[in-house]
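See below for protein-v1.cif, which holds mmCIF, C-alpha atoms and all ligand atoms.
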```cif
data_structure
#
loop_
_atom_site.label_atom_id
_atom_site.label_comp_id
_atom_site.auth_asym_id
_atom_site.auth_seq_id
_atom_site.Cartn_x
_atom_site.Cartn_y
_atom_site.Cartn_z
CA MET C 1 208.78 8.62 13.14
CA ARG C 2 209.24 8.76 9.41
CA PRO C 3 206.83 11.44 8.16
CA ALA C 4 205.70 9.66 4.96
CA ARG C 5 202.01 8.74 5.01
CA ALA C 6 198.87 8.53 2.92
CA LEU C 7 195.74 10.28 4.14
CA ILE C 8 192.51 8.70 2.89
CA ASP C 9 189.52 11.05 2.79
CA LEU C 10 186.45 8.84 3.18
CA ASP C 11 184.03 11.74 2.66
CA ALA C 12 185.59 12.25 -0.77
CA LEU C 13 185.16 8.52 -1.47
CA ARG C 14 181.46 8.78 -0.63
CA HIS C 15 181.13 11.92 -2.76
CA ASN C 16 182.64 10.11 -5.75
CA TYR C 17 180.43 7.06 -5.24
CA ARG C 18 177.34 9.28 -5.20
CA LEU C 19 178.56 11.01 -8.35
CA ALA C 20 178.82 7.63 -10.12
CA ARG C 21 175.23 6.89 -9.18
CA GLU C 22 174.00 10.35 -10.13
CA LEU C 23 175.70 10.39 -13.53
CA SER C 24 174.61 6.88 -14.45
CA GLY C 25 171.16 6.72 -12.86
CA ALA C 26 172.06 3.11 -12.12
CA ARG C 27 172.96 0.94 -9.17
CA ALA C 28 176.69 0.89 -8.61
CA LEU C 29 179.08 -1.82 -7.49
CA ALA C 30 182.04 -0.07 -5.87
CA VAL C 31 185.13 -1.71 -7.33
CA VAL C 32 187.53 -2.33 -4.42
CA LYS C 33 189.84 -4.90 -6.02
CA ALA C 34 193.60 -4.70 -5.40
CA ASP C 35 192.98 -3.42 -1.86
CA ALA C 36 190.75 -0.64 -3.21
CA TYR C 37 193.42 0.49 -5.65
CA GLY C 38 195.83 0.83 -2.74
CA HIS C 39 193.38 2.76 -0.54
CA GLY C 40 192.57 -0.14 1.82
CA ALA C 41 189.61 -2.30 0.80
CA VAL C 42 188.21 -2.97 4.26
CA ARG C 43 188.12 0.66 5.39
CA CYS C 44 186.80 1.85 2.02
CA ALA C 45 184.07 -0.81 1.95
CA GLN C 46 183.12 -0.01 5.54
CA ALA C 47 182.90 3.68 4.66
CA LEU C 48 180.52 2.87 1.80
CA ALA C 49 178.65 0.05 3.54
CA GLY C 50 175.65 2.21 4.43
CA GLU C 51 174.96 3.17 0.86
CA ALA C 52 176.74 0.99 -1.69
CA ASP C 53 174.61 -1.42 -3.70
CA GLY C 54 177.51 -3.84 -3.56
CA PHE C 55 181.21 -4.29 -4.15
CA ALA C 56 183.39 -5.88 -6.79
CA VAL C 57 186.76 -7.58 -6.32
CA ALA C 58 189.06 -9.60 -8.54
CA CYS C 59 188.99 -12.91 -6.71
CA ILE C 60 187.63 -14.88 -3.79
CA GLU C 61 190.65 -14.13 -1.59
CA GLU C 62 189.77 -10.44 -1.76
CA ALA C 63 186.08 -11.14 -1.13
CA LEU C 64 186.73 -13.21 1.98
CA VAL C 65 188.74 -10.38 3.54
CA LEU C 66 185.67 -8.17 3.19
CA ARG C 67 183.27 -10.81 4.56
CA GLU C 68 185.58 -11.36 7.55
CA ALA C 69 185.49 -7.62 8.20
CA GLY C 70 181.71 -7.77 8.40
CA ILE C 71 180.72 -6.56 4.93
CA VAL C 72 177.34 -8.17 4.21
CA ALA C 73 176.47 -6.37 0.96
CA PRO C 74 176.71 -8.27 -2.34
CA ILE C 75 180.28 -8.87 -3.52
CA LEU C 76 180.96 -9.72 -7.16
CA LEU C 77 184.03 -11.74 -8.19
CA LEU C 78 185.06 -10.00 -11.42
CA GLU C 79 187.01 -12.99 -12.73
CA GLY C 80 184.68 -15.56 -11.23
CA PHE C 81 186.39 -18.66 -9.92
CA PHE C 82 189.77 -19.93 -11.08
CA GLU C 83 189.11 -23.50 -9.93
CA ALA C 84 185.79 -25.30 -9.56
CA ASP C 85 186.28 -26.05 -5.87
CA GLU C 86 185.95 -22.33 -5.08
CA LEU C 87 182.21 -22.77 -5.68
CA THR C 88 181.80 -24.19 -2.18
CA LEU C 89 183.10 -20.96 -0.63
CA ILE C 90 181.16 -18.84 -3.13
CA ASP C 91 178.00 -20.63 -1.98
CA GLN C 92 178.89 -20.43 1.70
CA HIS C 93 179.70 -16.70 1.66
CA ASP C 94 176.93 -15.61 -0.73
CA LEU C 95 179.26 -14.20 -3.37
CA TRP C 96 178.22 -13.17 -6.84
CA CYS C 97 180.29 -14.58 -9.60
CA VAL C 98 181.24 -13.52 -13.13
CA ILE C 99 181.09 -16.38 -15.63
CA HIS C 100 183.37 -15.69 -18.56
CA ALA C 101 184.21 -19.14 -19.96
CA GLN C 102 182.55 -22.34 -21.01
CA TRP C 103 184.38 -24.48 -18.43
CA GLN C 104 182.90 -22.35 -15.64
CA ILE C 105 179.39 -23.16 -16.88
CA GLU C 106 180.19 -26.86 -16.80
CA ALA C 107 181.56 -26.49 -13.26
CA ILE C 108 178.33 -24.82 -12.14
CA GLU C 109 176.26 -27.59 -13.73
CA GLN C 110 178.16 -30.14 -11.68
CA ALA C 111 178.39 -28.18 -8.42
CA GLN C 112 176.65 -29.19 -5.20
CA LEU C 113 175.21 -25.93 -3.86
CA SER C 114 173.02 -25.13 -0.88
CA LYS C 115 171.13 -22.50 -2.89
CA PRO C 116 171.11 -21.06 -6.42
CA LEU C 117 173.79 -18.51 -7.36
CA THR C 118 173.67 -15.00 -8.78
CA VAL C 119 175.97 -14.93 -11.79
CA TRP C 120 177.07 -12.19 -14.16
CA LEU C 121 177.48 -13.62 -17.63
CA LYS C 122 180.28 -11.84 -19.44
CA LEU C 123 180.29 -11.27 -23.16
CA ASP C 124 183.46 -10.57 -25.10
CA SER C 125 182.09 -7.63 -27.11
CA GLY C 126 185.49 -6.71 -28.51
CA MET C 127 188.07 -6.35 -25.78
CA HIS C 128 189.22 -9.92 -26.51
CA ARG C 129 190.53 -10.74 -23.09
CA VAL C 130 187.87 -12.80 -21.33
CA GLY C 131 184.16 -13.39 -21.97
CA LEU C 132 181.99 -15.59 -24.12
CA HIS C 133 181.99 -15.23 -27.87
CA PRO C 134 178.81 -13.50 -29.14
CA ALA C 135 177.82 -16.68 -31.03
CA ASP C 136 177.88 -18.68 -27.79
CA TYR C 137 176.22 -16.14 -25.53
CA GLN C 138 172.56 -17.08 -25.78
CA ASN C 139 173.34 -20.75 -25.46
CA ALA C 140 175.44 -20.10 -22.35
CA TYR C 141 172.55 -18.13 -20.86
CA ARG C 142 170.08 -20.95 -21.54
CA ARG C 143 172.41 -23.61 -20.14
CA LEU C 144 172.91 -21.67 -16.92
CA LEU C 145 169.15 -21.23 -16.50
CA ALA C 146 168.51 -24.88 -17.26
CA SER C 147 171.16 -26.00 -14.74
CA GLY C 148 168.85 -25.17 -11.86
CA LYS C 149 171.94 -23.87 -10.04
CA VAL C 150 171.36 -20.22 -10.85
CA SER C 151 168.62 -17.87 -9.66
CA LYS C 152 169.67 -14.69 -11.44
CA ILE C 153 171.82 -13.82 -14.44
CA VAL C 154 173.08 -10.27 -15.07
CA LEU C 155 174.36 -9.63 -18.59
CA MET C 156 177.72 -7.88 -18.64
CA SER C 157 180.57 -6.75 -20.84
CA HIS C 158 183.61 -4.51 -20.50
CA PHE C 159 184.91 -1.62 -22.62
CA ALA C 160 188.46 -1.45 -23.91
CA ARG C 161 188.60 2.18 -25.03
CA ALA C 162 185.98 4.15 -23.10
CA ASP C 163 188.75 6.49 -21.92
CA GLU C 164 189.18 7.77 -25.49
CA PRO C 165 186.48 10.40 -26.01
CA GLU C 166 186.35 10.33 -29.80
CA CYS C 167 186.84 6.60 -30.26
CA GLU C 168 184.07 4.68 -32.01
CA ARG C 169 185.04 1.40 -30.45
CA THR C 170 182.80 1.95 -27.43
CA SER C 171 179.63 2.27 -29.49
CA GLU C 172 180.75 -0.66 -31.64
CA GLN C 173 181.15 -2.81 -28.54
CA LEU C 174 177.73 -1.68 -27.33
CA ALA C 175 176.21 -2.73 -30.69
CA VAL C 176 177.86 -6.17 -30.44
CA PHE C 177 176.46 -6.51 -26.93
CA GLN C 178 172.95 -5.43 -27.96
CA GLN C 179 172.90 -7.93 -30.78
CA ALA C 180 174.21 -10.80 -28.66
CA ARG C 181 171.70 -10.20 -25.84
CA ASP C 182 168.74 -9.59 -28.18
CA GLY C 183 165.64 -11.19 -26.72
CA LEU C 184 167.13 -11.90 -23.27
CA SER C 185 165.32 -9.92 -20.62
CA ALA C 186 167.77 -9.49 -17.78
CA GLU C 187 169.63 -6.75 -15.95
CA VAL C 188 172.69 -5.33 -17.68
CA SER C 189 176.09 -4.03 -16.53
CA LEU C 190 178.53 -2.48 -18.96
CA ARG C 191 180.12 0.65 -17.59
CA ASN C 192 183.44 1.23 -15.84
CA SER C 193 184.56 4.71 -14.71
CA PRO C 194 185.39 6.21 -18.13
CA ALA C 195 182.07 4.96 -19.52
CA VAL C 196 180.17 6.46 -16.57
CA LEU C 197 181.96 9.80 -16.87
CA GLY C 198 182.35 10.09 -20.61
CA TRP C 199 179.54 8.30 -22.43
CA PRO C 200 176.18 9.30 -20.90
CA GLN C 201 174.52 9.93 -24.27
CA LEU C 202 175.30 6.43 -25.50
CA PHE C 203 173.39 4.86 -22.62
CA GLU C 204 170.52 7.35 -22.56
CA LYS C 205 169.61 6.17 -26.04
CA THR C 206 169.71 2.47 -25.33
CA GLY C 207 168.71 2.47 -21.68
CA ALA C 208 170.88 -0.60 -21.34
CA SER C 209 172.40 0.00 -17.95
CA ASP C 210 171.12 -1.32 -14.65
CA TRP C 211 174.45 -1.61 -12.89
CA VAL C 212 177.67 0.36 -13.24
CA ARG C 213 181.12 -0.71 -11.98
CA PRO C 214 183.08 2.42 -11.03
CA GLY C 215 186.66 1.87 -9.86
CA ILE C 216 189.22 4.61 -10.42
CA MET C 217 186.63 7.40 -10.22
CA LEU C 218 185.74 6.37 -6.65
CA TYR C 219 189.27 7.28 -5.68
CA GLY C 220 188.93 10.66 -7.33
CA ALA C 221 191.33 10.21 -10.23
CA THR C 222 190.43 10.72 -13.85
CA PRO C 223 190.76 7.84 -16.31
CA PHE C 224 191.15 10.35 -19.15
CA GLU C 225 194.38 11.85 -20.45
CA GLN C 226 192.70 15.14 -21.31
CA ALA C 227 190.63 17.45 -19.12
CA GLN C 228 187.07 16.13 -18.89
CA GLN C 229 184.02 17.95 -17.61
CA GLN C 230 182.56 15.30 -15.31
CA ALA C 231 185.95 14.06 -14.12
CA ALA C 232 186.57 17.61 -12.85
CA ARG C 233 183.82 16.97 -10.29
CA LEU C 234 185.75 14.12 -8.64
CA GLN C 235 187.42 14.67 -5.29
CA PRO C 236 190.86 13.10 -4.80
CA VAL C 237 190.70 10.59 -1.95
CA MET C 238 194.39 9.90 -1.29
CA THR C 239 196.94 12.50 -0.24
CA LEU C 240 200.45 11.12 -0.27
CA GLU C 241 202.60 13.37 1.87
CA SER C 242 205.90 13.60 3.69
CA LYS C 243 208.34 16.21 4.92
CA VAL C 244 211.62 17.84 4.00
CA ILE C 245 214.26 16.09 6.11
CA SER C 246 217.40 17.83 4.83
CA VAL C 247 218.35 20.96 2.89
CA ARG C 248 221.42 21.59 0.72
CA GLU C 249 222.67 24.82 -0.91
CA LEU C 250 224.47 23.94 -4.11
CA PRO C 251 226.43 26.20 -6.47
CA ALA C 252 225.66 26.03 -10.19
CA GLY C 253 227.22 22.99 -11.83
CA GLU C 254 226.83 20.58 -8.91
CA PRO C 255 224.91 17.33 -9.44
CA VAL C 256 222.12 15.88 -7.29
CA GLY C 257 221.49 12.23 -6.53
CA TYR C 258 222.16 8.93 -8.30
CA GLY C 259 223.49 9.16 -11.81
CA ALA C 260 223.84 12.95 -11.54
CA ARG C 261 220.55 13.19 -13.40
CA PHE C 262 220.12 16.78 -12.30
CA ILE C 263 222.85 19.39 -12.48
CA ALA C 264 222.18 22.77 -10.88
CA GLU C 265 221.93 25.47 -13.56
CA ARG C 266 221.96 28.20 -10.93
CA PRO C 267 222.70 28.31 -7.22
CA THR C 268 220.08 25.85 -6.01
CA ARG C 269 218.45 25.04 -2.70
CA VAL C 270 217.69 21.34 -2.65
CA GLY C 271 215.15 19.81 -0.27
CA VAL C 272 215.38 16.10 0.49
CA VAL C 273 211.98 14.48 1.09
CA ALA C 274 211.35 11.19 2.94
CA MET C 275 209.60 9.42 0.07
CA GLY C 276 210.94 7.03 -2.52
CA TYR C 277 210.13 4.26 -4.90
CA ALA C 278 209.93 1.78 -2.02
CA ASP C 279 206.83 3.73 -0.99
CA GLY C 280 205.41 3.45 -4.47
CA TYR C 281 206.42 6.87 -5.72
CA PRO C 282 207.25 6.22 -9.39
CA ARG C 283 210.99 5.94 -9.99
CA HIS C 284 210.53 7.17 -13.54
CA ALA C 285 209.08 10.53 -12.49
CA PRO C 286 211.46 12.98 -14.20
CA THR C 287 212.85 16.34 -13.14
CA GLY C 288 209.94 18.77 -13.35
CA THR C 289 207.26 16.43 -11.98
CA PRO C 290 204.98 18.63 -9.84
CA VAL C 291 204.96 18.55 -6.03
CA MET C 292 203.60 20.98 -3.42
CA VAL C 293 205.82 22.25 -0.62
CA ASP C 294 203.90 24.01 2.17
CA GLY C 295 201.09 24.55 -0.30
CA GLN C 296 203.36 26.14 -2.94
CA PRO C 297 204.03 24.54 -6.32
CA ALA C 298 207.52 23.12 -6.73
CA ARG C 299 209.23 20.48 -8.80
CA LEU C 300 211.00 17.20 -8.38
CA ILE C 301 214.68 17.25 -9.37
CA GLY C 302 217.07 14.39 -9.97
CA ARG C 303 216.48 10.69 -9.73
CA VAL C 304 213.97 9.25 -7.28
CA SER C 305 215.75 6.85 -4.94
CA MET C 306 214.41 4.09 -2.70
CA ASP C 307 213.67 6.12 0.42
CA MET C 308 214.22 9.72 -0.62
CA LEU C 309 213.63 12.15 -3.42
CA THR C 310 214.76 15.71 -4.01
CA VAL C 311 212.86 18.89 -4.76
CA ASP C 312 213.87 22.39 -5.82
CA LEU C 313 213.34 24.91 -3.02
CA THR C 314 215.27 27.78 -4.65
CA ASP C 315 212.12 29.83 -5.26
CA LEU C 316 210.55 28.96 -1.90
CA PRO C 317 212.74 30.78 0.64
CA GLN C 318 210.17 30.16 3.42
CA ALA C 319 210.37 26.41 2.93
CA GLY C 320 212.96 24.29 4.69
CA LEU C 321 213.49 21.55 7.19
CA GLY C 322 210.12 20.11 8.24
CA SER C 323 208.15 21.61 5.37
CA ARG C 324 205.16 19.52 4.38
CA VAL C 325 205.35 18.01 0.89
CA GLU C 326 202.34 16.74 -1.04
CA LEU C 327 203.43 14.18 -3.64
CA TRP C 328 199.86 13.82 -4.87
CA GLY C 329 196.47 14.65 -3.47
CA LYS C 330 194.05 17.55 -3.70
CA GLN C 331 196.59 20.00 -5.12
CA VAL C 332 198.91 17.81 -7.17
CA LEU C 333 196.72 15.35 -9.07
CA ALA C 334 197.86 11.74 -9.04
CA SER C 335 196.96 11.60 -12.73
CA ASP C 336 199.45 14.41 -13.47
CA VAL C 337 202.23 12.65 -11.56
CA ALA C 338 201.35 9.42 -13.36
CA MET C 339 201.42 11.14 -16.74
CA ALA C 340 204.82 12.70 -16.02
CA ALA C 341 206.16 9.26 -15.08
CA GLY C 342 204.69 7.49 -18.13
CA SER C 343 202.18 5.66 -15.94
CA ILE C 344 198.50 5.89 -15.05
CA PRO C 345 196.85 6.76 -11.72
CA TYR C 346 195.61 3.15 -11.43
CA GLN C 347 199.17 1.89 -11.29
CA ILE C 348 200.66 4.51 -9.02
CA PHE C 349 197.87 3.93 -6.48
CA CYS C 350 198.30 0.14 -6.65
CA ASN C 351 202.06 0.50 -6.18
CA LEU C 352 201.64 2.28 -2.86
CA ARG C 353 203.36 0.41 -0.03
CA ARG C 354 205.24 0.88 3.23
CA VAL C 355 203.53 4.19 4.07
CA PRO C 356 200.87 4.07 6.79
CA LEU C 357 197.32 4.84 5.68
CA LEU C 358 195.47 7.35 7.85
CA TYR C 359 191.70 7.55 7.47
CA LEU C 360 189.77 10.79 7.75
CA GLY C 361 186.00 11.08 7.89
CA GLY C 362 185.16 7.71 9.47
C1 LIG U 401 188.55 -3.13 -12.69
C2 LIG U 401 187.24 -3.29 -13.38
C3 LIG U 401 186.31 -2.24 -13.39
C4 LIG U 401 186.62 -0.86 -12.84
O1 LIG U 401 187.32 -0.14 -13.83
P1 LIG U 401 187.66 1.42 -13.64
O2 LIG U 401 188.26 1.82 -14.95
O3 LIG U 401 188.64 1.50 -12.52
O4 LIG U 401 186.39 2.09 -13.33
C5 LIG U 401 185.07 -2.47 -13.94
N1 LIG U 401 184.77 -3.67 -14.48
C6 LIG U 401 185.65 -4.69 -14.52
C7 LIG U 401 185.26 -5.98 -15.15
C8 LIG U 401 186.92 -4.52 -13.99
O5 LIG U 401 187.79 -5.53 -14.03
#
```
Using the file provided, produce a representation of the structure as structure tokens.
Amino acid sequence: MRPARALIDLDALRHNYRLARELSGARALAVVKADAYGHGAVRCAQALAGEADGFAVACIEEALVLREAGIVAPILLLEGFFEADELTLIDQHDLWCVIHAQWQIEAIEQAQLSKPLTVWLKLDSGMHRVGLHPADYQNAYRRLLASGKVSKIVLMSHFARADEPECERTSEQLAVFQQARDGLSAEVSLRNSPAVLGWPQLFEKTGASDWVRPGIMLYGATPFEQAQQQAARLQPVMTLESKVISVRELPAGEPVGYGARFIAERPTRVGVVAMGYADGYPRHAPTGTPVMVDGQPARLIGRVSMDMLTVDLTDLPQAGLGSRVELWGKQVLASDVAMAAGSIPYQIFCNLRRVPLLYLGG
């Protein structure tokens, strides 16, 4: 069998979830959209089911997969509904729903529901993607209450630059939010992973945080480009690994792989690893991208191809055919691989495909 696989450490997932709660002092919706950032939404949600306050997904299709798997905790649809007729299923399956646009409020007013909904009313506090304009926020809140179709409204917004430690935009967005919600007494949810990890002082002052929405930190990857104190406490959940399936001894001057993107500068021992961009390993990872071979640091060389990539074994005489290779995991951080490839850990996790996922820790 092809040795490429991704190990998913569910104890690490639970550790990271607890850290999000501890750092924020808030209830936490575990964000498991996009198949839990490639980690498998059903297994991740099941692993957290005993303790998570709820889950968040992008859309109803993702929520229904969790309900079918027996997840009974609250599930929030982060983009709400895309068409009004989804409200029937939202009602039927007890889903929570973000409301980010005027037309969604009108749809709720006209909906036939068996019971009132829990909605999260999203303010555009400066990201300028979705959400109500601050001038319309209070009116939207009152209309939803008056509709009789809603039993609870959580006030929410989303940060655009919380991953930039010195950036003032986060406190500016918070100020816009505070002004827009002035006088509304309701629960609040503002923080994603970088805001949970990086901005505790901002929320201690205002107290405005009942719910947090950690995503990437649950999977143990940092959202920051630089080292960060709290992010260092995260435990990587996914280990992407494979094996050396072929070894070549090349004299100096010989090229390796497509496009001859690597040319041996010295006599070089090349290991071929069963892992490629069809598995989600980033094709743009350059020569020098870190890997671990039998627990020893090594480097990628040459161009990543569809099913294989090559590593430099010259300084690892013990390594050879069958050696275990960690592409990312507890030793090689996914964020470092992402950075080398001009990507982010979010994307390299979401790109994972073809490799079987193996769950550890129940
Ligand atoms: C995806 C998402 C999150 C989680 O973001 P992370 O940076 O992964 O923590 C939180 N809130 C909303 C609205 C999202 O869409």
Do you know which residues are within 7 Å of ligand LIG 401 (chain U) using all atoms listed in the file? Can you write them as a ChimeraX atom specification? /C:31,58,78,158,191-194,213-217,223
Note to self: When you look at Ser157 (chain C) with a cut-off of 6 Å (counting only C-alpha atoms), what residues show up, excluding the ones that are within fewer than 6 positions of it in the same chain? I need them as a PyMOL selection string.
What the structure shows: chain C and resi 122-123+190
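Between Leu327 (chain C) and the candidates C:Val291, C:Ala264, C:Leu13, C:Leu184, the tightest atom-to-atom separation, counting all atoms listed in the file, involves C:Val291.
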Judged by all atoms listed in the file, the minimum distance to Ser24 (chain C) among C:Val212, C:Val42, C:Ala111, C:Leu132 is found for C:Val212
Applying 9 Å and all atoms listed in the file, which residues near Ala36 (chain C) remain after dropping the ones on its own chain fewer than 2 positions away? List them as a short mmCIF file (atom, residue, chain, number, x, y, z; two decimals) with C-alpha atoms, keeping the file's coordinate frame.
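Result went into around_5.cif, see below:
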```
data_model
loop_
_atom_site.label_atom_id
_atom_site.label_comp_id
_atom_site.auth_asym_id
_atom_site.auth_seq_id
_atom_site.Cartn_x
_atom_site.Cartn_y
_atom_site.Cartn_z
CA VAL C 31 185.13 -1.71 -7.33
CA VAL C 32 187.53 -2.33 -4.42
CA LYS C 33 189.84 -4.90 -6.02
CA ALA C 34 193.60 -4.70 -5.40
CA GLY C 38 195.83 0.83 -2.74
CA HIS C 39 193.38 2.76 -0.54
CA GLY C 40 192.57 -0.14 1.82
CA ALA C 41 189.61 -2.30 0.80
CA VAL C 42 188.21 -2.97 4.26
CA CYS C 44 186.80 1.85 2.02
CA ALA C 45 184.07 -0.81 1.95
CA VAL C 57 186.76 -7.58 -6.32
CA GLY C 215 186.66 1.87 -9.86
CA TYR C 219 189.27 7.28 -5.68
CA CYS C 350 198.30 0.14 -6.65
#
```
Counting all atoms listed in the file, what is within 12 Å of Ala146 (chain C), bar same-chain residues fewer than 3 positions away, as number ranges by chain? C: 105-106, 108-109, 116, 139-143, 149-153
Go ahead and find all residues with at least one atom no further than 12 Å from (194.3, 13.1, -13.7) in the file's coordinates, using only C-alpha atoms; report them as a PyMOL selection string. chain C and resi 163+216-217+219-228+231-236+328-340+343-346+348
Exercise for the section: Fewer than 6 positions away in the same chain doesn't count, so skip those; otherwise give me all residues within 8 Å of Leu10 (chain C), counting only C-alpha atoms, as a list of chain:residue names. Expected result: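 My list of contacting residues is C:Cys44, C:Ala47, C:Val237, C:Tyr359, C:Leu360, C:Gly361, C:Gly362.
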A straight line from CA of Asp9 (chain C) to CA of Val311 (chain C) spans 25.8 Å
inquiry  = Which residues are near Arg261 (chain C)? Cut-off 8 Å, only C-alpha atoms, ignore same chain within fewer than 3 positions. Put them as a PyMOL selection string.
reply    = chain C and resi 255-258+302-303
